[in-house]
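Q: This is the structure, below, for whatever I ask next.
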Amino acid sequence: MSEFAGGEKYAQVPVGEPAKKAFAFIIHPIDTKRDVARKYPFLGKILPESVIHFLTRFWPPLTLSHITGARSVATGEEIEGWLIAVPYTSQRMLTLPSREVYKKIIAAGHLAKKLGAGILGLGAYTSVVGDGGATIARELDIAVTSGDSYTAAVSVYAVREAAQRMDVNLANATLAVVGATGAIGAVVSQMLAADAGRMLLVGRRMDRLLEVRTAVLAAGCAEVAVSTNVEDVSQAEVVMTVTSSGGNLLRTEHLRSGAVVCDVSRPRDISYQVAQSRDDVLVIDGGLVEVPGAVDFGFDYGLPPQMTFGCMAETMILTFEGRFEDYSIGKDLRFSQVQEIDALANRHGFKLAALRSFERKLDEAQIEAVKNRAHTGGRE
Ligand SMILES: NC(=O)c1ccc[n+]([C@@H]2O[C@H](COP(=O)([O-])OP(=O)(O)OC[C@H]3O[C@@H](n4cnc5c(N)ncnc54)[C@H](OP(=O)(O)O)[C@@H]3O)[C@@H](O)[C@H]2O)c1
């Protein structure tokens, strides 16, 4: 019997073809009061944040909504899914022992199985915690993915597009990846190696940074620096930040005028306040995807209609394919997997969403204004 099964034996059903093509995706509160209020407006309003943090330990996972209407452009087939909430905040997941967090995620996996899902996507910190989904996948009898491969693919596209629209020639620029030692960070660093004149890999562990540096040199970047000091980001014209820092890592003084910053991290590494105070810097949301068909998520988790995160999109793509197998698991993502999921995404009609900043679409005039302010030192 599994130590994570909460003391009750559960039926061991082999991973295989489920009755219908269906998935489940786990989300959790990121902005504690705001996100709890999305489901429980009254509780979100009256309970102080510290009480919510405390109580989340005792709340079980719950089904938030039924997802319908996503339709493949290749096959015309529709899939369905469910949003499941694991009521831990990011901070809670960073501070509790991994095993305690796993228990609740595994309970969410059992719920997903009961609902009829063939695959479970691990949203935000539910894949960051511990070993990147490996233990969870082992303990569950449905397939599991972190969704990190497709997140990496779309974030790379977004960085390239944003740099081009800001007239930054990547071949002559320094491109920093903050969190380069992580699952997404290491693979995007390799994917961007051939684009960038110089790369700066920022992380907390020098030994791992040096390993990633070797891979990035092999992938075609001629000059690769490493740093454990986030202040060094001020050297970079282009920054992709993809950490598990818990939010608000990059501050005003870390950003060079005219820089493009793609923030993939959730919670965000750049706060709205910092972005507002630097109107000579273009901050874009990383990892956003447009879903094919008339998808209805049945719950407002903070994104505009038709749009989702790369990690949920990956779970949906695998569902369209009927690939009910563990996919992006662990902290070493393979480049070939990123290419494969990207090709499958194109086949089914998933697309990189138009560039957005703090969920608002960026138009050409806004991008021009940022460029002008950077050129004129803040004077328009
Ligand atoms: N937008 C989307 O669609 C989407 C999809 C999936 C994930 N995400 C987000 O992407 C982020 C990364 O996910 P992941 O799966 O790649 O996680 P991960 O494998 O845990 O990697 C995170 C990396 O960030 C590093 N880090 C943490 N704090 C740092 C700091 N203060 N300075 C520098 N580096 C720091 C960690 O270093 P150590 O190794 O030293 O701990 C780790 O290497 C998370 O915020 C996640 O929520 C977003």
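Identifiers for the structure tokens are assigned positionally: chains receive A, B, ... in sequence, residues are indexed from 1 per chain, and ligands are indexed from 1 in the order shown.
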Compile the contact shell of A:Leu62 as a PyMOL selection string: residues with an atom at most 10 Å away, counting only C-alpha atoms, same-chain residues fewer than 5 positions apart removed.

A: chain A and resi 26+83-87+107-108+111-112

Q: Would you mind exporting C-alpha atoms of the selected residues as a PDB file, in the first residue's frame?

A:
ATOM      1  CA  ILE A  26      -4.546  21.164 -10.947  1.00  0.00           C
ATOM      2  CA  LEU A  83     -10.072  21.973 -13.088  1.00  0.00           C
ATOM      3  CA  ILE A  84      -9.111  20.684  -9.667  1.00  0.00           C
ATOM      4  CA  ALA A  85      -7.921  22.969  -6.874  1.00  0.00           C
ATOM      5  CA  VAL A  86      -5.220  21.956  -4.445  1.00  0.00           C
ATOM      6  CA  PRO A  87      -5.747  24.538  -1.720  1.00  0.00           C
ATOM      7  CA  ALA A 107      -5.426  12.929  -3.532  1.00  0.00           C
ATOM      8  CA  ALA A 108      -6.220  15.356  -6.381  1.00  0.00           C
ATOM      9  CA  LEU A 111     -10.189  12.634  -7.739  1.00  0.00           C
ATOM     10  CA  ALA A 112      -9.145  13.183 -11.392  1.00  0.00           C
TER      11      ALA A 112
END

Q: Taking 2 positions as the minimum chain separation for residues in the same chain, which residues sit within 8 Å of A:Leu282 when counting only C-alpha atoms? Answer as a ChimeraX atom specification.

A: /A:258-261,279-280,284,367,370

Q: Given the choices A:Val128, A:Met166, A:Leu249, A:Met191, which gets closest to A:Ala369 if the distance is worked out from only C-alpha atoms?

A: A:Met166

Q: Write out as a list in words each polymer residue whose atoms come within 9 Å of A:Ala158, counting only C-alpha atoms; drop sequence neighbours fewer than 6 positions from it.

A: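 These residues fall inside the cut-off: Cys262, Ile284, Asp285, Gly286, Gly287, Leu288, Leu352, Ala353, Ala354 and Leu355 of chain A.
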
Q: List every residue of stretch 295-348 of chain A that DSSP, applied to the backbone, labels as strand (DSSP E), and write the result as a list in words.

A: Val295, Asp296, Met307, Thr308 and Phe309 of chain A

Q: Just how far from atom CA of A:Leu344 is atom CA of A:Ser155, in Å to one decimal?

A: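 It comes out at 16.4 Å.
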
Q: Please determine, counting only C-alpha atoms and all ligand atoms, which residue among A:Glu364, A:Glu161, A:Asp269, A:Glu139 has the shortest atom-to-atom distance to ligand 1.

A: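 Of the candidates, the smallest distance to ligand 1 is held by A:Asp269.
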
Q: I want to know what sits within 9 Å of A:Leu94, based on only C-alpha atoms, with residues of the same chain fewer than 5 positions away left out; could you give that as a list in words?

A: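 Once the adjacent positions are removed, what remains is Thr89, Tyr125, Val128, Val129, Ser244 and Gly246 of chain A.
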
Q: Dump C-alpha atoms for the selected residues as a PDB file, in the first residue's frame?

A:
ATOM      1  CA  THR A  89      -0.610  28.600  -1.688  1.00  0.00           C
ATOM      2  CA  TYR A 125       3.966  24.922  -7.935  1.00  0.00           C
ATOM      3  CA  VAL A 128       7.847  22.704  -8.855  1.00  0.00           C
ATOM      4  CA  VAL A 129       7.692  21.024  -5.468  1.00  0.00           C
ATOM      5  CA  SER A 244      10.459  29.209  -8.108  1.00  0.00           C
ATOM      6  CA  GLY A 246       7.942  32.688  -4.729  1.00  0.00           C
TER       7      GLY A 246
END
